[in-house]
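Q: Have a look at this one.
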Amino acid sequence: MGEARVDGKLMALAFPQTFVNLSGESAARLVRRYGVEGDMSRVVVVHDELDLPPGRVKIKEGGGTAGHNGLESIRAHLHSGAFIRVRIGIGKPPGRQQGADYVLKPTRKSERAEFDVAVVEAAEAVELIFKEGLATAMNRVNTA
């Protein structure tokens with residue numbers, strides 16, 4: 001976990017050290033530590049998204065989990081799904097491959113550079129949310 005100041009405001013950054021399907025445990029501890037339990041608009045989760053093309057970044061507020069075990073864990077532990085999501089597209093699995101098997105495989109070399117760019121874009125999206133608000137960030141990122 002790390003902390004940074006953006007425009008004088010404290011932002012906590014965390015990468016759970018648990019399995020993805022247990023990430024809600026870490027999220028709940030972090031939310032309690034910073035006293036934002038009642039304000040999911042201050043919680044931003046960056047995650048992979050099967051329903052977006054590889055490398056595409058989009059921002060979403062609330063919504064379902066689409067079977068994403070990490071999001072399901074976070075929703076269960078925070079008792080809310082209203083947190084903000086910065087979604088990084090990884091595309092659908094090829095053929096009949098199951099989503100869980102697909103996300104656990106190493107990224108193909110042909111897609112690595114594309115994902116490296118997407119991670120930078122996702123970090124910039126989080127900063128934009130923090131600096132200029134959700135509506136502005138969604139407008140800029142989702143229409144890019």
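The chains in the structure tokens are called A, B, ... from first to last as shown; in each chain the residues are counted from 1, and the ligands are counted from 1 in the order shown.
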Which polymer residues have any atom within 12 Å of an atom of segment 117-128 of chain A, counting only C-alpha atoms, with same-chain residues fewer than 5 positions away left out, as number ranges by chain?

A: A: 4-7, 9-13, 42-49, 52-60, 84-90, 111-112, 133-142, 144

Q: Please, which residues of segment 1-135 of chain A, numbered as in this document, come out alpha helix (DSSP H) from DSSP, as an NGL selection string?

A: :A and (23-33 or 69-78 or 99-104 or 109-132 or 134-135)

Q: Take the residues that were just selected and, keeping C-alpha atoms, output them as a CSV table (one decimal), in the first residue's frame.

A:
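Done, and the output landed in selection-v7.csv:
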chain,number,residue,atom,x,y,z
A,23,SER,CA,-9.8,-9.1,-2.5
A,24,GLY,CA,-12.8,-7.8,-0.6
A,25,GLU,CA,-11.0,-8.6,2.6
A,26,SER,CA,-8.3,-6.2,1.7
A,27,ALA,CA,-10.7,-3.6,0.4
A,28,ALA,CA,-12.8,-3.7,3.6
A,29,ARG,CA,-9.7,-3.1,5.8
A,30,LEU,CA,-8.6,-0.2,3.6
A,31,VAL,CA,-12.0,1.4,3.6
A,32,ARG,CA,-12.2,1.1,7.4
A,33,ARG,CA,-8.6,2.4,7.8
A,69,ASN,CA,-14.9,-13.1,-8.4
A,70,GLY,CA,-12.9,-10.2,-7.2
A,71,LEU,CA,-15.7,-7.7,-7.6
A,72,GLU,CA,-18.1,-10.2,-5.9
A,73,SER,CA,-15.8,-10.4,-2.9
A,74,ILE,CA,-15.4,-6.6,-2.8
A,75,ARG,CA,-19.2,-6.1,-3.0
A,76,ALA,CA,-19.8,-8.6,-0.3
A,77,HIS,CA,-17.2,-7.2,2.1
A,78,LEU,CA,-18.2,-3.5,1.5
A,99,GLY,CA,-13.3,-17.0,-18.3
A,100,ALA,CA,-11.6,-18.1,-15.1
A,101,ASP,CA,-9.1,-20.2,-17.1
A,102,TYR,CA,-8.5,-17.4,-19.5
A,103,VAL,CA,-7.8,-14.7,-16.9
A,104,LEU,CA,-5.3,-16.9,-15.1
A,109,LYS,CA,3.4,-11.4,-25.9
A,110,SER,CA,1.5,-9.9,-28.8
A,111,GLU,CA,-0.9,-8.2,-26.3
A,112,ARG,CA,1.7,-7.2,-23.7
A,113,ALA,CA,2.5,-3.7,-25.1
A,114,GLU,CA,-1.2,-3.0,-25.5
A,115,PHE,CA,-1.9,-3.9,-21.8
A,116,ASP,CA,1.1,-1.9,-20.6
A,117,VAL,CA,-0.5,1.2,-22.3
A,118,ALA,CA,-3.9,0.4,-20.8
A,119,VAL,CA,-2.4,0.2,-17.3
A,120,VAL,CA,-1.0,3.7,-17.7
A,121,GLU,CA,-4.3,4.9,-19.1
A,122,ALA,CA,-6.1,3.3,-16.1
A,123,ALA,CA,-3.8,5.1,-13.6
A,124,GLU,CA,-4.4,8.4,-15.4
A,125,ALA,CA,-8.2,7.7,-15.2
A,126,VAL,CA,-7.9,7.2,-11.4
A,127,GLU,CA,-6.0,10.5,-11.1
A,128,LEU,CA,-8.6,12.2,-13.3
A,129,ILE,CA,-11.5,10.9,-11.1
A,130,PHE,CA,-9.6,12.2,-8.1
A,131,LYS,CA,-8.8,15.6,-9.5
A,132,GLU,CA,-11.8,16.5,-11.6
A,134,LEU,CA,-16.4,11.2,-11.8
A,135,ALA,CA,-18.5,12.8,-14.5

Q: When DSSP is applied to the backbone of this structure, which of chain A are assigned strand (DSSP E)? Write them out as a list in words.

A: Gly2, Glu3, Ala4, Arg5, Val6, Lys9, Leu10, Met11, Ala12, Leu13, Val44, Val45, Val46, His47, Asp48, Glu49, Val57, Lys58, Ile59, Lys60, Glu61, Ile84, Arg85, Val86, Arg87, Ile88 and Gly89 of chain A

Q: A:Ser80, A:Thr107, A:Gln98, A:Thr143: which is nearest Gly38 of chain A, counting only C-alpha atoms?

A: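 Answer, going by the shortest atom-to-atom distance: A:Ser80.
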
Q: For atom CA of Lys92 of chain A and atom CA of Val20 of chain A, determine how far apart the two atoms are, in Å to one decimal place.

A: 18.6 Å

Q: Quote the spacing between atom CA of His68 of chain A and atom CA of Thr18 of chain A in Å to one decimal place.

A: 15.2 Å
